Each structure stands twice: as C-alpha cells, then as structure tokens.
$ cat work-v1.txt   # compact mmCIF, C-alpha atoms and all ligand atoms
# COMPACT_ATOMS: atom_id res chain seq x y z
CA MET A 1473 4.27 -25.43 -32.39
CA THR A 1474 3.36 -22.85 -29.77
CA ASP A 1475 -0.05 -22.40 -31.37
CA ALA A 1476 -0.75 -26.09 -30.80
CA LEU A 1477 0.16 -25.68 -27.12
CA PHE A 1478 -1.99 -22.59 -26.69
CA ALA A 1479 -4.93 -24.32 -28.39
CA ARG A 1480 -4.60 -27.21 -25.95
CA ILE A 1481 -4.55 -24.81 -23.01
CA ASP A 1482 -7.61 -22.95 -24.32
CA ASP A 1483 -9.41 -26.30 -24.78
CA ARG A 1484 -8.89 -26.91 -21.06
CA ARG A 1485 -10.63 -23.73 -19.90
CA ASP A 1486 -13.53 -25.61 -18.28
CA ASP A 1487 -11.13 -28.13 -16.82
CA LEU A 1488 -9.03 -25.32 -15.34
CA ILE A 1489 -12.12 -23.78 -13.73
CA ALA A 1490 -13.26 -27.14 -12.36
CA LEU A 1491 -9.80 -27.95 -10.97
CA THR A 1492 -9.49 -24.56 -9.29
CA GLN A 1493 -12.94 -25.03 -7.75
CA GLU A 1494 -12.11 -28.53 -6.58
CA LEU A 1495 -8.97 -27.26 -4.83
CA ILE A 1496 -10.73 -24.29 -3.18
CA ARG A 1497 -13.49 -26.56 -1.89
CA ILE A 1498 -10.95 -28.51 0.17
CA PRO A 1499 -10.57 -26.14 3.16
CA THR A 1500 -6.86 -26.54 3.85
CA LEU A 1501 -6.86 -24.01 6.66
CA ASN A 1502 -3.57 -23.23 8.35
CA PRO A 1503 -3.55 -23.09 11.28
CA PRO A 1504 -4.22 -25.80 12.26
CA GLY A 1505 -3.36 -27.52 8.96
CA GLN A 1506 -6.55 -29.24 7.87
CA HIS A 1507 -7.25 -31.59 4.97
CA TYR A 1508 -3.68 -31.58 3.72
CA ARG A 1509 -3.85 -35.26 2.87
CA ALA A 1510 -7.15 -34.80 1.00
CA ILE A 1511 -5.77 -32.12 -1.30
CA CYS A 1512 -2.60 -34.11 -1.96
CA GLU A 1513 -4.68 -37.18 -2.81
CA ALA A 1514 -6.95 -35.21 -5.15
CA LEU A 1515 -3.90 -34.00 -7.07
CA GLU A 1516 -2.31 -37.44 -6.95
CA ARG A 1517 -5.44 -39.00 -8.52
CA ARG A 1518 -5.39 -36.47 -11.30
CA LEU A 1519 -1.69 -36.42 -12.06
CA SER A 1520 -1.01 -40.15 -11.78
CA ALA A 1521 -3.77 -40.71 -14.37
CA ARG A 1522 -1.73 -38.45 -16.65
CA GLY A 1523 1.57 -40.26 -16.39
CA PHE A 1524 3.12 -38.48 -13.42
CA SER A 1525 4.69 -40.60 -10.72
CA CYS A 1526 3.44 -39.23 -7.43
CA GLU A 1527 4.82 -39.37 -3.95
CA LEU A 1528 3.05 -38.27 -0.81
CA VAL A 1529 5.59 -37.05 1.73
CA ARG A 1530 4.70 -36.39 5.35
CA ALA A 1531 6.97 -33.90 7.11
CA THR A 1532 7.18 -36.09 10.17
CA GLY A 1533 8.46 -34.20 13.19
CA ALA A 1534 8.38 -30.80 11.49
CA PRO A 1535 6.88 -27.90 13.47
CA GLY A 1536 3.10 -28.28 13.36
CA ASP A 1537 3.15 -31.95 12.37
CA SER A 1538 1.06 -34.22 14.57
CA ASP A 1539 -1.08 -37.31 14.11
CA ARG A 1540 -4.13 -35.07 14.29
CA TYR A 1541 -2.74 -32.56 11.78
CA PRO A 1542 -0.13 -34.36 9.70
CA ARG A 1543 1.88 -32.21 7.29
CA TRP A 1544 1.36 -33.88 3.91
CA ASN A 1545 3.07 -32.82 0.71
CA LEU A 1546 2.79 -34.13 -2.82
CA VAL A 1547 5.57 -34.32 -5.39
CA ALA A 1548 4.61 -35.44 -8.90
CA ARG A 1549 7.20 -36.07 -11.61
CA ARG A 1550 6.87 -36.80 -15.28
CA GLU A 1551 9.98 -37.92 -17.12
CA GLY A 1552 10.65 -36.92 -20.69
CA THR A 1553 12.00 -39.27 -23.31
CA ARG A 1554 15.63 -38.15 -23.04
CA PRO A 1555 17.93 -36.42 -20.61
CA GLY A 1556 17.53 -32.74 -19.90
CA ASP A 1557 16.69 -30.23 -17.21
CA CYS A 1558 13.94 -30.64 -14.64
CA VAL A 1559 11.46 -27.79 -14.31
CA HIS A 1560 9.65 -27.78 -10.98
CA PHE A 1561 6.42 -25.90 -10.22
CA ASN A 1562 5.97 -25.49 -6.48
CA SER A 1563 2.69 -24.33 -4.97
CA HIS A 1564 1.67 -24.27 -1.34
CA HIS A 1565 -1.70 -25.89 -0.75
CA ASP A 1566 -2.50 -24.28 2.61
CA VAL A 1567 -4.67 -21.19 3.04
CA VAL A 1568 -5.01 -18.66 5.83
CA GLU A 1569 -8.05 -18.24 8.06
CA VAL A 1570 -11.22 -16.85 6.51
CA GLY A 1571 -11.64 -13.72 8.65
CA GLN A 1572 -14.65 -11.37 8.62
CA GLY A 1573 -16.36 -9.49 5.83
CA TRP A 1574 -17.10 -12.12 3.22
CA THR A 1575 -20.09 -11.76 0.89
CA ARG A 1576 -19.35 -15.12 -0.82
CA ASP A 1577 -18.97 -18.61 0.55
CA PRO A 1578 -15.22 -18.80 1.30
CA PHE A 1579 -15.12 -22.46 0.31
CA GLY A 1580 -17.90 -22.39 -2.30
CA ALA A 1581 -15.54 -21.56 -5.21
CA GLU A 1582 -18.33 -19.63 -6.91
CA LEU A 1583 -17.72 -18.72 -10.55
CA ASP A 1584 -19.10 -15.27 -11.34
CA GLY A 1585 -18.22 -13.93 -14.78
CA ASP A 1586 -14.45 -14.19 -15.11
CA ARG A 1587 -13.83 -14.62 -11.41
CA ILE A 1588 -13.64 -17.59 -9.08
CA TYR A 1589 -14.14 -16.61 -5.45
CA GLY A 1590 -12.85 -18.31 -2.34
CA ARG A 1591 -10.15 -18.46 0.29
CA GLY A 1592 -7.00 -19.45 -1.55
CA ALA A 1593 -8.40 -18.59 -5.00
CA CYS A 1594 -5.54 -16.22 -5.67
CA ASP A 1595 -3.12 -17.34 -2.93
CA MET A 1596 -2.53 -19.77 -4.49
CA LYS A 1597 -4.82 -22.53 -5.69
CA GLY A 1598 -5.40 -20.64 -8.95
CA GLY A 1599 -1.66 -20.69 -9.61
CA LEU A 1600 -1.43 -24.36 -8.69
CA ALA A 1601 -4.28 -25.23 -11.09
CA ALA A 1602 -2.70 -23.13 -13.86
CA SER A 1603 0.62 -24.97 -13.50
CA VAL A 1604 -1.14 -28.37 -13.66
CA ILE A 1605 -3.03 -27.37 -16.82
CA ALA A 1606 0.15 -25.94 -18.38
CA ALA A 1607 2.15 -29.09 -17.67
CA GLU A 1608 -0.58 -31.43 -18.94
CA ALA A 1609 -1.09 -29.42 -22.13
CA PHE A 1610 2.67 -29.32 -22.71
CA VAL A 1611 3.05 -33.08 -22.30
CA ASP A 1612 0.14 -33.74 -24.68
CA THR A 1613 1.58 -31.37 -27.26
CA HIS A 1614 5.19 -32.52 -26.96
CA PRO A 1615 5.29 -36.10 -25.67
CA GLU A 1616 8.93 -36.34 -26.81
CA PHE A 1617 10.20 -33.63 -24.50
CA ALA A 1618 13.61 -33.73 -22.82
CA GLY A 1619 14.25 -33.70 -19.08
CA ALA A 1620 11.41 -33.79 -16.56
CA ILE A 1621 8.54 -31.78 -15.14
CA GLU A 1622 7.70 -31.75 -11.46
CA ILE A 1623 4.67 -30.33 -9.71
CA SER A 1624 4.59 -30.09 -5.96
CA ALA A 1625 1.82 -29.07 -3.59
CA THR A 1626 3.32 -28.28 -0.23
CA ALA A 1627 2.20 -27.55 3.30
CA ASP A 1628 2.51 -24.65 5.68
CA GLU A 1629 3.87 -21.84 3.49
CA GLU A 1630 1.59 -19.51 5.41
CA SER A 1631 3.30 -20.47 8.66
CA GLY A 1632 6.91 -20.55 7.49
CA GLY A 1633 7.06 -23.60 5.24
CA TYR A 1634 8.86 -25.83 7.73
CA GLY A 1635 6.40 -28.69 7.22
CA GLY A 1636 6.52 -28.15 3.47
CA VAL A 1637 9.28 -26.88 1.21
CA ALA A 1638 11.87 -26.66 4.00
CA TYR A 1639 11.29 -30.32 4.84
CA LEU A 1640 11.41 -31.41 1.20
CA ALA A 1641 14.59 -29.37 0.66
CA GLU A 1642 16.21 -31.00 3.70
CA GLN A 1643 15.33 -34.40 2.24
CA GLY A 1644 17.04 -33.51 -1.02
CA TRP A 1645 13.99 -32.97 -3.22
CA PHE A 1646 15.36 -29.62 -4.44
CA ALA A 1647 18.98 -30.72 -4.80
CA PRO A 1648 20.55 -29.09 -7.87
CA GLU A 1649 21.22 -32.48 -9.45
CA ARG A 1650 17.49 -33.32 -9.30
CA VAL A 1651 15.87 -29.95 -10.08
CA GLN A 1652 17.33 -27.16 -12.21
CA HIS A 1653 14.53 -24.58 -12.50
CA VAL A 1654 11.86 -23.69 -9.95
CA ILE A 1655 8.77 -21.60 -10.62
CA ILE A 1656 6.53 -20.79 -7.65
CA PRO A 1657 3.08 -19.71 -8.96
CA GLU A 1658 2.38 -17.22 -6.17
CA PRO A 1659 -0.06 -14.42 -7.14
CA LEU A 1660 2.36 -11.81 -8.48
CA ASN A 1661 0.26 -10.82 -11.54
CA LYS A 1662 0.66 -12.51 -14.91
CA ASP A 1663 3.14 -10.01 -16.36
CA ARG A 1664 5.58 -9.84 -13.45
CA ILE A 1665 8.50 -11.99 -12.40
CA CYS A 1666 9.31 -12.00 -8.72
CA LEU A 1667 13.05 -12.45 -8.22
CA GLY A 1668 13.04 -12.89 -4.48
CA HIS A 1669 12.10 -11.39 -1.17
CA ARG A 1670 13.40 -9.43 1.80
CA GLY A 1671 14.61 -11.11 4.94
CA GLY A 1672 12.83 -11.22 8.27
CA TRP A 1673 13.86 -11.36 11.90
CA TRP A 1674 11.32 -11.93 14.65
CA ALA A 1675 12.25 -11.48 18.29
CA GLU A 1676 10.63 -10.98 21.65
CA ILE A 1677 11.97 -8.26 23.91
CA GLU A 1678 11.10 -8.31 27.59
CA THR A 1679 11.72 -5.49 30.02
CA LYS A 1680 11.91 -6.41 33.68
CA GLY A 1681 10.53 -4.57 36.69
CA GLU A 1682 9.52 -5.31 40.25
CA ILE A 1683 6.03 -6.00 41.48
CA ALA A 1684 4.60 -3.74 44.24
CA HIS A 1685 1.28 -2.28 45.33
CA GLY A 1686 -0.17 0.03 42.69
CA SER A 1687 -0.77 2.78 45.24
CA MET A 1688 2.98 2.95 45.95
CA PRO A 1689 4.63 2.46 42.57
CA PHE A 1690 7.87 3.95 43.93
CA LEU A 1691 8.28 0.73 45.93
CA GLY A 1692 8.40 -1.28 42.73
CA ASP A 1693 9.70 -0.79 39.25
CA CYS A 1694 7.34 -0.50 36.31
CA ALA A 1695 8.32 -2.75 33.40
CA VAL A 1696 5.79 -1.01 31.13
CA ARG A 1697 7.53 2.35 31.59
CA HIS A 1698 10.83 0.70 30.70
CA MET A 1699 9.19 -0.64 27.55
CA GLY A 1700 7.93 2.87 26.84
CA ALA A 1701 11.56 3.97 26.81
CA VAL A 1702 12.36 1.17 24.36
CA LEU A 1703 9.54 2.23 22.05
CA HIS A 1704 10.65 5.84 22.34
CA ALA A 1705 14.20 4.92 21.35
CA PHE A 1706 12.82 3.00 18.38
CA GLU A 1707 10.82 6.05 17.29
CA GLU A 1708 13.69 8.49 17.73
CA ARG A 1709 16.54 6.44 16.34
CA LEU A 1710 15.69 3.09 14.78
CA PHE A 1711 12.73 3.96 12.55
CA PRO A 1712 14.44 6.99 10.94
CA ALA A 1713 17.63 4.95 10.37
CA MET A 1714 15.66 2.14 8.73
CA ALA A 1715 13.64 4.51 6.54
CA ALA A 1716 16.87 6.05 5.22
CA ARG A 1717 18.11 2.71 3.87
CA GLN A 1718 17.13 1.82 0.30
CA THR A 1719 17.62 -1.50 -1.42
CA ALA A 1720 18.63 -2.25 -4.97
CA MET A 1721 15.99 -5.03 -4.91
CA PRO A 1722 12.92 -4.13 -7.02
CA VAL A 1723 10.57 -4.52 -4.06
CA THR A 1724 6.94 -3.53 -4.57
CA PRO A 1725 5.21 -1.66 -3.12
CA GLU A 1726 7.81 1.15 -3.02
CA GLY A 1727 7.45 1.65 0.73
CA ALA A 1728 9.04 -1.75 1.28
CA ARG A 1729 12.28 -0.76 -0.50
CA SER A 1730 13.43 0.51 2.87
CA SER A 1731 13.95 -1.56 5.95
CA THR A 1732 10.79 -1.84 8.02
CA MET A 1733 9.74 -3.06 11.41
CA ASN A 1734 6.33 -3.91 12.80
CA ILE A 1735 5.67 -4.00 16.53
CA ASN A 1736 3.61 -7.13 16.47
CA SER A 1737 2.27 -7.06 20.03
CA VAL A 1738 2.67 -5.57 23.50
CA HIS A 1739 1.88 -7.43 26.68
CA GLY A 1740 2.55 -5.89 30.06
CA GLY A 1741 1.40 -6.48 33.59
CA GLU A 1742 -1.25 -8.96 34.60
CA PRO A 1743 -2.35 -11.53 32.05
CA GLU A 1744 -5.59 -10.63 30.30
CA GLN A 1745 -8.58 -12.20 32.03
CA ALA A 1746 -11.10 -14.45 30.34
CA GLU A 1747 -13.99 -12.65 28.68
CA ASP A 1748 -16.42 -13.82 31.36
CA TYR A 1749 -14.34 -12.31 34.17
CA THR A 1750 -16.37 -9.52 35.75
CA GLY A 1751 -13.97 -8.36 38.45
CA LEU A 1752 -11.61 -5.40 38.49
CA PRO A 1753 -7.87 -5.59 37.89
CA ALA A 1754 -5.65 -6.10 40.92
CA ASN A 1755 -3.47 -3.16 42.01
CA CYS A 1756 -0.02 -4.15 40.92
CA VAL A 1757 3.07 -2.57 39.42
CA PRO A 1758 3.93 -4.74 36.41
CA ASP A 1759 7.18 -6.62 36.67
CA SER A 1760 7.30 -7.69 33.05
CA CYS A 1761 6.46 -6.23 29.67
CA ARG A 1762 7.02 -7.99 26.36
CA ILE A 1763 6.89 -6.93 22.77
CA VAL A 1764 7.33 -8.97 19.60
CA ILE A 1765 9.13 -7.22 16.79
CA ASP A 1766 8.90 -8.19 13.12
CA ARG A 1767 11.88 -6.66 11.39
CA ARG A 1768 12.07 -6.98 7.59
CA PHE A 1769 15.47 -6.36 6.10
CA LEU A 1770 17.21 -5.91 2.79
CA MET A 1771 19.76 -8.03 0.97
CA GLU A 1772 22.27 -5.23 1.72
CA GLU A 1773 21.87 -5.80 5.48
CA PRO A 1774 23.45 -8.83 7.15
CA LEU A 1775 21.23 -10.42 9.80
CA GLU A 1776 23.90 -9.91 12.47
CA GLN A 1777 23.88 -6.17 11.76
CA VAL A 1778 20.08 -6.09 11.98
CA ARG A 1779 20.13 -7.81 15.38
CA GLY A 1780 23.13 -5.80 16.54
CA GLU A 1781 21.39 -2.52 15.82
CA VAL A 1782 18.47 -3.37 18.13
CA ILE A 1783 20.69 -4.82 20.84
CA ALA A 1784 22.90 -1.70 20.77
CA LEU A 1785 19.84 0.46 21.41
CA LEU A 1786 18.79 -1.73 24.34
CA ASP A 1787 22.31 -1.76 25.79
CA ASP A 1788 22.44 2.00 25.48
CA LEU A 1789 19.21 2.25 27.50
CA ALA A 1790 20.69 -0.08 30.09
CA ASP A 1791 23.59 2.36 30.45
CA ARG A 1792 21.45 5.46 30.66
CA ARG A 1793 18.28 4.38 32.45
CA GLU A 1794 18.16 3.38 36.08
CA ASN A 1795 17.27 -0.28 36.72
CA PHE A 1796 16.71 -0.96 33.06
CA ARG A 1797 16.98 -4.70 32.47
CA TYR A 1798 15.93 -6.62 29.42
CA GLU A 1799 16.00 -9.99 27.74
CA ILE A 1800 15.79 -10.64 24.05
CA ARG A 1801 14.75 -13.95 22.49
CA ASP A 1802 15.10 -14.76 18.84
CA LEU A 1803 11.91 -16.30 17.49
CA ASN A 1804 12.73 -16.85 13.84
CA SER A 1805 14.80 -15.49 11.02
CA VAL A 1806 14.73 -15.72 7.25
CA ILE A 1807 17.49 -14.65 4.89
CA PRO A 1808 16.73 -12.39 1.93
CA SER A 1809 16.72 -14.23 -1.39
CA MET A 1810 17.32 -12.71 -4.80
CA THR A 1811 17.76 -14.59 -8.07
CA PRO A 1812 19.91 -12.74 -10.62
CA GLN A 1813 18.01 -11.27 -13.53
CA ASP A 1814 20.15 -13.20 -16.02
CA ALA A 1815 19.41 -16.60 -14.42
CA PRO A 1816 18.02 -19.11 -16.95
CA VAL A 1817 14.57 -19.39 -15.37
CA VAL A 1818 14.23 -15.59 -15.35
CA THR A 1819 15.21 -15.06 -18.99
CA THR A 1820 13.04 -18.01 -20.04
CA VAL A 1821 9.88 -16.79 -18.32
CA ALA A 1822 10.56 -13.21 -19.48
CA GLY A 1823 10.75 -14.50 -23.07
CA ALA A 1824 7.53 -16.47 -22.56
CA ILE A 1825 5.75 -13.38 -21.21
CA ARG A 1826 6.82 -11.53 -24.36
CA ASP A 1827 5.57 -14.42 -26.53
CA VAL A 1828 2.22 -14.64 -24.79
CA LEU A 1829 1.39 -11.09 -23.70
CA GLY A 1830 3.45 -9.14 -26.23
CA GLN A 1831 5.08 -7.03 -23.54
CA ASP A 1832 8.22 -6.94 -21.45
CA ALA A 1833 8.07 -8.57 -18.04
CA ALA A 1834 8.26 -6.36 -14.99
CA TYR A 1835 10.67 -7.48 -12.28
CA VAL A 1836 9.65 -7.30 -8.65
CA ALA A 1837 10.71 -8.56 -5.26
CA SER A 1838 8.35 -9.37 -2.44
CA PRO A 1839 8.18 -7.39 0.83
CA GLY A 1840 7.38 -10.60 2.71
CA SER A 1841 9.03 -13.94 2.20
CA TYR A 1842 7.74 -17.10 0.61
CA ASP A 1843 9.12 -20.57 0.06
CA GLN A 1844 11.99 -19.40 -2.17
CA LYS A 1845 14.02 -18.91 1.03
CA HIS A 1846 14.15 -22.66 1.66
CA ILE A 1847 14.95 -23.56 -1.95
CA ASP A 1848 17.77 -21.02 -1.82
CA ARG A 1849 19.23 -21.68 1.64
CA ILE A 1850 18.58 -25.40 2.14
CA GLY A 1851 18.24 -26.57 -1.46
CA LYS A 1852 21.17 -24.41 -2.61
CA LEU A 1853 19.25 -23.68 -5.81
CA LYS A 1854 19.46 -20.07 -6.97
CA ASN A 1855 17.52 -20.53 -10.19
CA CYS A 1856 14.09 -19.90 -8.65
CA ILE A 1857 11.36 -17.29 -9.16
CA ALA A 1858 7.75 -16.67 -8.28
CA TYR A 1859 5.47 -16.28 -11.26
CA GLY A 1860 1.74 -16.84 -11.28
CA PRO A 1861 -1.76 -15.45 -11.82
CA GLY A 1862 -3.70 -13.40 -9.32
CA ILE A 1863 -3.45 -9.98 -7.75
CA LEU A 1864 -1.21 -9.97 -4.70
CA GLU A 1865 -3.27 -7.32 -2.92
CA LEU A 1866 -6.26 -9.73 -2.79
CA ALA A 1867 -4.33 -12.36 -0.87
CA HIS A 1868 -5.64 -13.04 2.66
CA LYS A 1869 -8.56 -10.57 2.10
CA PRO A 1870 -12.31 -11.27 2.25
CA ASP A 1871 -13.89 -12.14 -1.13
CA GLU A 1872 -10.51 -13.21 -2.49
CA TRP A 1873 -10.81 -14.12 -6.18
CA VAL A 1874 -8.77 -15.13 -9.20
CA SER A 1875 -9.45 -14.27 -12.82
CA VAL A 1876 -9.96 -17.17 -15.25
CA THR A 1877 -8.42 -15.09 -18.04
CA ASP A 1878 -5.32 -14.45 -15.94
CA MET A 1879 -5.01 -18.14 -15.07
CA LEU A 1880 -5.22 -19.06 -18.77
CA ASP A 1881 -2.66 -16.41 -19.72
CA SER A 1882 -0.23 -17.49 -17.05
CA ALA A 1883 -0.77 -21.16 -17.98
CA ARG A 1884 0.29 -20.17 -21.51
CA VAL A 1885 3.38 -18.46 -20.09
CA MET A 1886 4.22 -21.54 -18.01
CA GLY A 1887 3.63 -23.87 -20.97
CA ARG A 1888 5.69 -21.65 -23.25
CA SER A 1889 8.46 -21.65 -20.64
CA LEU A 1890 8.45 -25.46 -20.69
CA GLU A 1891 8.83 -25.33 -24.48
CA ARG A 1892 11.77 -22.99 -24.16
CA LEU A 1893 13.48 -25.16 -21.54
CA LEU A 1894 12.60 -28.74 -22.50
CA LEU A 1895 12.44 -28.82 -26.28
CA PRO A 1896 15.70 -29.10 -28.19
ZN ZN B 1901 0.94 -17.76 -1.02
$ encode --input "work-v1.txt" --output "structure tokens" --more "lines below"
Ligand SMILES: [Zn+2]
Amino acid sequence: MTDALFARIDDRRDDLIALTQELIRIPTLNPPGQHYRAICEALERRLSARGFSCELVRATGAPGDSDRYPRWNLVARREGTRPGDCVHFNSHHDVVEVGQGWTRDPFGAELDGDRIYGRGACDMKGGLAASVIAAEAFVDTHPEFAGAIEISATADEESGGYGGVAYLAEQGWFAPERVQHVIIPEPLNKDRICLGHRGGWWAEIETKGEIAHGSMPFLGDCAVRHMGAVLHAFEERLFPAMAARQTAMPVTPEGARSSTMNINSVHGGEPEQAEDYTGLPANCVPDSCRIVIDRRFLMEEPLEQVRGEVIALLDDLADRRENFRYEIRDLNSVIPSMTPQDAPVVTTVAGAIRDVLGQDAAYVASPGSYDQKHIDRIGKLKNCIAYGPGILELAHKPDEWVSVTDMLDSARVMGRSLERLLLP
C-alpha cells in the first residue's frame, strides 16, 4: 500500500514544484506582515477543491494586527470516514526580510536543477508545500482513512507567533480533544526529528547617570561607564557560568547545548541623529544607557533562576559601585519545549524515516524557538515535533533554496506517517 502512496507523491513532482513557486511568489514579508490574506486564499482555493473544509482566521487584536496589515491564518481540515486521531501539519507562511547579497530574484522562485530559490524557499514554504502534497496523495490513496488531517498556514512565526499559532491555540484550535499529533515542517533536514527548543528571555537593562557638561564629567555621572561595569561583570561571571552549563536536550549545533546570551544592542547618550545631520555632537555626559539582552536557556533552568542570576549581578554592582542605579524591563519570554522521544508522533515519524530513507532518524532540538512553544504552553499538547525538508543553515540567508528531492522525500515521510497513524 505504501508503494501506491509513494507513486502518487512522485506523480505530483511538477505539482509540488509549481505549488512551492506559487507560495514563494507571494511576498509575505514580516515585518510588516504583507499579503497574508493572499497566501491563505491561494491555499484555501487549492485545498477546498480537494475536499478540505477551510477557515480563514484573523488574529484580531494580536500584536501586529491592524487593518492595514491584518494577521490572517488558514486552517484546513479533511475528515476521514470514521473516528480516529487528527494529524495537524502547521507551517508559518511569513518570511523574513530579503537582506543584501542575493544573486537570484528573492521572489522569482527560480527552478535551477534540483533547487528552487527564493526567500522562504526553505523556511518554510517548501515544507508547507510538501505537507500539502503528502496529505493530498494520502487522501487519494486511502479515501477510507480514520480520523482527520489538518493543514494550517499561520502568521508571524518570525516575530513570535502571537498573530498566528499563539492566537489559534488561545482560540482552542490546538486543544487536545481536537488535535492529537502536530508536525511542524520547519527546515530541519529530511532525516532529523526536532523534539523541541530552548527557552528565551529578552530584557532591557538601563543604567542611570546624571547629565552635565562634557568638559566637566565629574559634575555628572556617566551612565555609559556604569553600563561598562555591567558588561564587565557579564564577561567575568555570567558568560563563564552559562558556558559551564550543559543540557540533556540534543541541541544542534553543539555550541547551543550550553546557555547563551546575546547582547542585542547598546544605546547610550544622545539619540543618534538623522543621516542628513551635518553638525557635531553636543558636549554632554550621558544620563542613560540601555542594552537589550537575548538570553537563551535550557530546559534544566527555570526562567525565574535565569532572571534572578542577572538581577543578582546588577544588585551586587549596586552594592559595590558608587551611584550605580539601574532598571530592568522584561520584553518577552518563551519557555523551553521538549517532546519525549517515546511520544507517538516521534516514534511514528522515526518509523516513517526508516521506511522511506532506510536509516535511523537523528534527534535534535533547536537553539532558537519556533511555534511549538505555543502548542505546548497554550494548547497543552505535548505530542508535537518539527520535521521538514530544507537545510536549517540556509534559513534567512541570501539565495535561500530548497531541494526538490528533499521535498519529495519528506513528503513521503509525512505521507507514510499518515498511514501509520490513520490507517487501522
Ligand atoms: Zn521557520
């Protein structure tokens, strides 16, 4: 029976290429969040013609949603002929900015040999197209299947997912009584199963000073020097402590198996002037300096401990350093998510990878987060993985591409997974 499914997937090779190209050619740039409705409607046209009932859901009031840039999502569902589990494929439809350095048209979706080029080719319109082809081929091969298949195309993953999966989860779309298995076709390579991701905590730290004339800095108090002391304390104490911590999560690349922190930005003193300003800076001692930190943490570290560690360092400076004053503002936080390796969706996809590729699946976890966090925390669904075609390292880069062969192979794995879950 599997041969019949694989033959149907192979027959759709041209269709898969055309669908991937169609999706790439809709420039769903985020920010600001363009053409979300257009891409949802394109998928709705296709899937409703194939027996899926489709619903367009606007994340009204979610961060980023406005009448100019509405946050549209599509959920398509195809019922089987008898009760059973629901398998949900969730892809984000937004893409990041183009950036510099392209030699191909970022929205041309050029096919060159085995590769389709374009922004979003690998992250993750190729994975979305592969899941559509897999589901359609499965339904054609096994019209009598049990349970249900859902395909969603969701907004704003690249900016936190609040206008996408988080909104849908809040509205109950991922409730465990509706959906039992979730596969997110992010570009993790066709032979790897991604079990989850690290957590993240973003905060702004501001040191305070006192403005004075720059020729007499002793009459003021330099906030930038105070921030220098903060950065020094991070170098001496925080970074070594983080590097010493290792997670049991199979995070790749290896360097991300420790805790990490990026200093996202530093702003001190006068605001930067417009580019056409030709004057000199005014002579002032800066009374404020701000940094944004991006702290990525492990499932072994509770968020409160992560915050507490930074705050303890700042409080220690306040004790030791004259006039040191600071404020800290939480910007965002994301919990780590990790699906157990014996969860049904994991063992199913691992078996399908063996069936299709003749090899054992590799298990990984992601250094950065993706929409699994919302399915886990809000949807309360632990049976979720990322699995899809594409090479993660190409994501967000110029000349991003996806391999047609990899899309076909992963469509076979997805189709085979549906057979394992939805056939008696
Ligand atoms: Zn992505």
$ closest_residue --input "work-v1.txt" --among "A:Glu1865, A:Gly1533, A:Glu1781, A:Val1654" --to "Arg1709 (chain A)" --atoms "only C-alpha atoms"
A:Glu1781
$ closest_atom_pairs --input "work-v1.txt" --of "chain A" --to "ligand ZN 1901 (chain B)" --cutoff "6 Å" --atoms "only C-alpha atoms and all ligand atoms" --output "tab-separated table"
residue	atom	partner	partner_atom	distance
A:Asp1595	CA	B:ZN1901	ZN	4.5
A:Met1596	CA	B:ZN1901	ZN	5.3
A:Glu1658	CA	B:ZN1901	ZN	5.4
$ closest_residue --input "work-v1.txt" --among "A:Leu1789, A:Ala1601, A:Cys1558, A:Ala1593" --to "Phe1617 (chain A)" --atoms "all atoms listed in the file"
A:Cys1558
$ atom_distance --input "work-v1.txt" --atom1 "CA of Arg1801 (chain A)" --atom2 "CA of Ala1675 (chain A)"
5.5 Å
$ residues_near_point --input "work-v1.txt" --point "(-8.8, -9.9, 0.2)" --cutoff "12 Å" --atoms "only C-alpha atoms" --output "PyMOL selection string"
chain A and resi 1568-1576+1578+1589-1595+1862-1874
$ atom_distance --input "work-v1.txt" --atom1 "CA of Leu1515 (chain A)" --atom2 "CA of Arg1549 (chain A)"
12.2 Å
$ residues_around --input "work-v1.txt" --residues "Trp1673 (chain A)" --least-positions-apart "2" --cutoff "10 Å" --atoms "all atoms listed in the file" --output "list in words"
Gly1671, Ala1675, Met1733, Ile1765, Asp1766, Arg1767, Arg1768, Phe1769, Leu1775, Val1778, Arg1779, Asp1802, Leu1803, Asn1804, Ser1805, Val1806 and Ile1807 of chain A
$ decode --input "work-v1.txt" --residues "region 1739-1760 of chain A" --atoms "C-alpha atoms" --output "JSON list (two decimals), in the first residue's frame"
[["chain", "number", "residue", "atom", "x", "y", "z"],
["A", 1739, "HIS", "CA", 22.35, 52.73, 23.21],
["A", 1740, "GLY", "CA", 23.90, 55.40, 25.38],
["A", 1741, "GLY", "CA", 23.90, 59.16, 25.48],
["A", 1742, "GLU", "CA", 22.31, 61.38, 22.89],
["A", 1743, "PRO", "CA", 19.95, 59.79, 20.40],
["A", 1744, "GLU", "CA", 21.55, 59.09, 17.04],
["A", 1745, "GLN", "CA", 20.97, 61.94, 14.60],
["A", 1746, "ALA", "CA", 19.37, 61.57, 11.20],
["A", 1747, "GLU", "CA", 21.74, 60.69, 8.39],
["A", 1748, "ASP", "CA", 21.48, 64.17, 6.89],
["A", 1749, "TYR", "CA", 22.58, 65.84, 10.13],
["A", 1750, "THR", "CA", 25.92, 67.53, 9.50],
["A", 1751, "GLY", "CA", 26.59, 69.05, 12.90],
["A", 1752, "LEU", "CA", 28.81, 67.83, 15.72],
["A", 1753, "PRO", "CA", 27.57, 66.06, 18.84],
["A", 1754, "ALA", "CA", 26.71, 68.24, 21.84],
["A", 1755, "ASN", "CA", 29.03, 68.04, 24.85],
["A", 1756, "CYS", "CA", 27.08, 66.05, 27.37],
["A", 1757, "VAL", "CA", 27.65, 63.38, 29.97],
["A", 1758, "PRO", "CA", 25.11, 60.65, 29.18],
["A", 1759, "ASP", "CA", 22.45, 60.14, 31.80],
["A", 1760, "SER", "CA", 21.12, 56.90, 30.35]]
